[in-house]
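Visitor: Encoded as structure tokens, here's the structure I'll be asking about.
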Amino acid sequence: MSHYLPLVGVILLILGFALKLNPMLVATVAALTSGLLGGMDLKQVISEFGKAFTDNRIIAIVWIILPVIGLLERYGLQARARGLIAGIRNATVGKLLILYLLYRQLTAAIGLHNTAGHAQTVNPIVAPMALVAAEKEHGALDDHTAQRVKAMTAATDNVGLFFGEDIFFAIGSIVVIQQALAARNIELSPVELSLWAIPTAAAAFLIHSTRLILFDRKLRRAAK
Amino acid sequence: MTPPPPALLTLEHLYWVVGAMFAAFSLLSLFDRTSKKALGNAAFWGLMAASLIGGSCFSNFANGLIVLGLVGLAGFGFTGRSQPKTTSEVERKAFADLRGNWLFMPALLIPLVVLIGTLAFHFTAFGEQNLFAPRRETYFFLLAGVVVALVVAQLWLKPPVTAPLQEGRRLIDAIGWAAVLPQLLVAMGVVFDKAGVSGLIREGTLAMLPPGNLFLAVLVFGLGMAMFTIITGNAFAAFPVMASAIAVPLLIDTYGGNPAAIGAIGMLAGFCGTLMTPLAANFNIVPVRLLELSDPNAVVKAQFATAVPMFAVNIALIYFLAFR
């Protein structure tokens with residue numbers, strides 16, 4: 001039975017995340033526990049953890065772009081991004097959100113994932129625009145419908161980000177994949193990995209756009 | 001046969017540059033009198049700088065203590081947002097109106113430089129000069145792109161000299177310990193491996209799977225990524241575990257799959273799980289609060305009908321693209 005003891009680390013990891021404890025603490029306690037139960041002593045497991053962390057320092061390189069992004073934000077990058085989105089006029093909710101989906105995927109794919117987001121664009125711009133567009137199609141919105149429009153706006157932002165960002169090679173998830181595989185002697189370049197994110201990105205655009213067109217139809221039918 | 005000579009530029013050089021940036025963030029925090037968490041931030045980014053610059057010289061145990069220091073500072077709330085002096089919303093609006101879409105240009109220079117560098121590297125003699133650590137040339141082009149973007153932005157916008165570092169510090173403090181979490185999770189995956197965890201998951205999976213059924217193996221890998229992500233709220237935590245338990249031994253070693261396709265699309269299968277879990281608070285709960293939705297799961301519900309077909313697509317893509 002003692003053979004299975006290291007799995008306690010995985011259980012702690014799952015429990016800790018599910019209980020919303022600080023993820024840094026959870027991951028560390030999980031790693032140290034499974035190491036100790038797997039037969040290492042404390043000094044050994046701390047050394048292994050330290051070596052693994054140090055071997056994967058390249059993951060921190062993705063933050064090298066922050067001074068550029070921060071500097072551009074100082075001169076209104078986010079204000080301009082908001083202006084660009086607000087320029088989409090005379091669209092139905094579905095068309096507005098399809099354009100936003102495309103914008104979000106394309107900007108995330110070239111490393112501008114921070115110029116949009118729930119706080120940056122969804123709440124201040126896209127959600128209010130979606131509500132106005134929905135009222136044009138549907139007439140005054142009841143609370144339930146208004147909430148569905150807003151939830152769909154937030155969902156569109158997430159879908160666009162998740163299935164766009166991995167096309168950018170200097171993003172956390174790509175470097176995580178590269179390093180996790182390098183630890184098993186499989187050497188890949190980040191660009192190679194990010195190219196494989198393109199088919200999924202195209203599928204996400206098609207699937208979510210279809211849903212948005214159906215969402216439009218539903219609103220129009222409810223108006224009749 | 002003699003081993004090839006080491007490349008002119010190695011990862012060590014990149015660690016120094018990134019480490020110098022974190023050292024600057026740390027120093028600027030030290031002189032920050034406005035933020036209550038300034039000292040904690042200074043210590044946190046200082047440890048990151050030490051790890052990046054000195055990690056290769058320190059003993060494994062000393063590196064382990066650095067990690068525990070980072071975790072302690074982050075886990076017990078010693079780090080937090082900062083407010084370096086920057087421009088106001090009104091000024092930013094005015095700048096944006098003045099400069100228009102040109103503001104995107106310096107940021108676009110980064111992927112452009114990487115694209116040009118990568119093409120030149122693969123299709124001209126430039127790639128044969130043994131300049132960069134093998135398979136890591138992208139990161140050197142990234143650094144070059146950042147330098148080009150910074151020089152252009154500096155000449156064009158003429159900000160104060162310390163502005164790039166202060167604005168960078170503003171952003172890194174807003175991200176906080178989450179900036180270090182991916183690296184910590186990969187390290188955790190390595191320790192899991194050494195402790196035998198991955199072997200146990202692999203044995204359990206092999207015992208359940210009928211041998212020779214490639215489709216089932218792909219499905220179990222994808223499901224593992226998505227389920228692990230739903231339970232933990234974090235696809236980064238799922239990947240190192242599922243990679244060493246199923247992707248590498250089974251999909252890559254046994255069935256000879258393309259590791260780049262399996263890795264990249266496998267992570268995206270995990271993202272389908274992120275769309276379905278309230279535990280991914282930044283994506284699924286924060287907008288509920290911002291948009292004042294009455295159902296806390298409203299965003300997850302709106303995403304469900306996209307996430308399920310996307311999961312199926314990712315499984316199909318791995319199955320059809322990675323095993324040709």
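In the structure tokens, the first chain shown is A, the next is B, and so on; residue numbers restart at 1 for each chain, and ligands run from 1 in the order shown.
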Find the residues near Val18 (chain B): any atom within 8 Å, counting only C-alpha atoms, skip ones fewer than 4 places away on the same chain, and give them as a ChimeraX atom specification.
Guide: /A:60-61,64 /B:14,22,49,52
Visitor: Using C-alpha atoms, can you write the selected residues to a file as a CSV table (one decimal), in the first residue's frame?
Guide:
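Dumped to selection-v2.csv:
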```
chain,number,residue,atom,x,y,z
A,60,ALA,CA,9.9,33.9,-16.5
A,61,ILE,CA,11.0,35.3,-19.8
A,64,ILE,CA,10.1,40.8,-20.5
B,14,LEU,CA,18.7,35.4,-21.1
B,22,PHE,CA,13.4,41.8,-11.8
B,49,ALA,CA,16.3,38.2,-9.6
B,52,LEU,CA,17.5,34.1,-12.3
```
Visitor: Quick one: residues within 10 Å of Ala203 (chain A), only C-alpha atoms counted, chain neighbours fewer than 5 positions away excluded, as a PyMOL selection string?
Guide: (chain A and resi 163+198+208-209) or (chain B and resi 309-310+313-314)
Visitor: Please list as a tab-separated table (two decimals) with C-alpha atoms, in the first residue's frame every residue within 8 Å of Leu36 (chain A), counting only C-alpha atoms and excluding residues in the same chain fewer than 3 positions away.
Guide:
```tsv
chain	number	residue	atom	x	y	z
A	6	PRO	CA	2.93	9.79	-3.00
A	32	LEU	CA	6.92	18.53	-0.66
A	33	THR	CA	4.36	16.00	0.64
A	39	GLY	CA	11.01	8.35	0.22
A	40	MET	CA	13.02	11.60	0.08
A	41	ASP	CA	14.13	13.38	3.25
A	42	LEU	CA	13.27	17.04	3.81
A	45	VAL	CA	12.94	17.23	-1.45
B	195	ALA	CA	8.33	10.82	-6.13
```
Visitor: Using only C-alpha atoms, pick whichever of B:Leu155, B:Leu317, B:Ala62, B:Leu219 has the shortest atom-to-atom distance to Ala50 (chain B).
Guide: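 Of all the options, B:Ala62 lies closest to Ala50 (chain B).
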Visitor: I'd like the contact shell of Leu219 (chain A) - 9 Å cut-off, only C-alpha atoms, skipping same-chain residues fewer than 2 positions apart - returned as a list of chain:residue names.
Guide: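 With the cut-off at 9 Å, the set is A:Ala134, A:Glu137, A:His138, A:Thr145, A:Leu214, A:Phe215, A:Asp216, A:Arg217, A:Arg221, A:Ala222, A:Ala223.
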Visitor: Excluding Leu7 (chain A) and its own-chain neighbours fewer than 4 positions away, which residues fall within 10 Å of it when counting only C-alpha atoms? Please give them as a ChimeraX atom specification.
Guide: /A:3,11-13,30,33-35,37-38 /B:192,195-198,200-201
Visitor: Would you export the selected residues with C-alpha atoms as an mmCIF file, in the first residue's frame, please?
Guide:
```cif
data_model
loop_
_atom_site.group_PDB
_atom_site.id
_atom_site.type_symbol
_atom_site.label_atom_id
_atom_site.label_comp_id
_atom_site.auth_asym_id
_atom_site.auth_seq_id
_atom_site.Cartn_x
_atom_site.Cartn_y
_atom_site.Cartn_z
ATOM 1 C CA HIS A 3 3.616 2.352 -2.820
ATOM 2 C CA ILE A 11 -5.048 14.796 -3.501
ATOM 3 C CA LEU A 12 -3.714 17.746 -1.486
ATOM 4 C CA LEU A 13 -3.238 19.694 -4.727
ATOM 5 C CA ALA A 30 1.645 19.129 -2.558
ATOM 6 C CA THR A 33 4.359 16.000 0.645
ATOM 7 C CA SER A 34 4.592 13.662 -2.321
ATOM 8 C CA GLY A 35 8.401 13.893 -2.223
ATOM 9 C CA LEU A 37 6.037 10.163 1.076
ATOM 10 C CA GLY A 38 7.975 8.964 -1.970
ATOM 11 C CA PHE B 192 5.763 14.474 -8.579
ATOM 12 C CA ALA B 195 8.328 10.816 -6.129
ATOM 13 C CA GLY B 196 6.700 8.266 -8.429
ATOM 14 C CA VAL B 197 3.305 9.982 -8.779
ATOM 15 C CA SER B 198 3.339 10.053 -12.572
ATOM 16 C CA LEU B 200 1.289 5.522 -10.516
ATOM 17 C CA ILE B 201 -1.130 7.478 -12.720
#
```
Visitor: Could you pull out the residues in region 14-199 of chain B that DSSP calls helix (DSSP H, G or I) from the backbone, as a PyMOL selection string?
Guide: chain B and resi 14-30+38-54+60-75+89-123+125-128+137-157+163-179+181-195+197-199
Visitor: Can you pull out every residue within 8 Å of region 181-190 of chain B, counting only C-alpha atoms, but drop anything in the same chain fewer than 4 positions away, and send it as a ChimeraX atom specification?
Guide: /A:23-24,27-28,30-31,49-50,52-53,56-57,59-60,172-173,176,179-180,183 /B:177,194,236-237,240-241
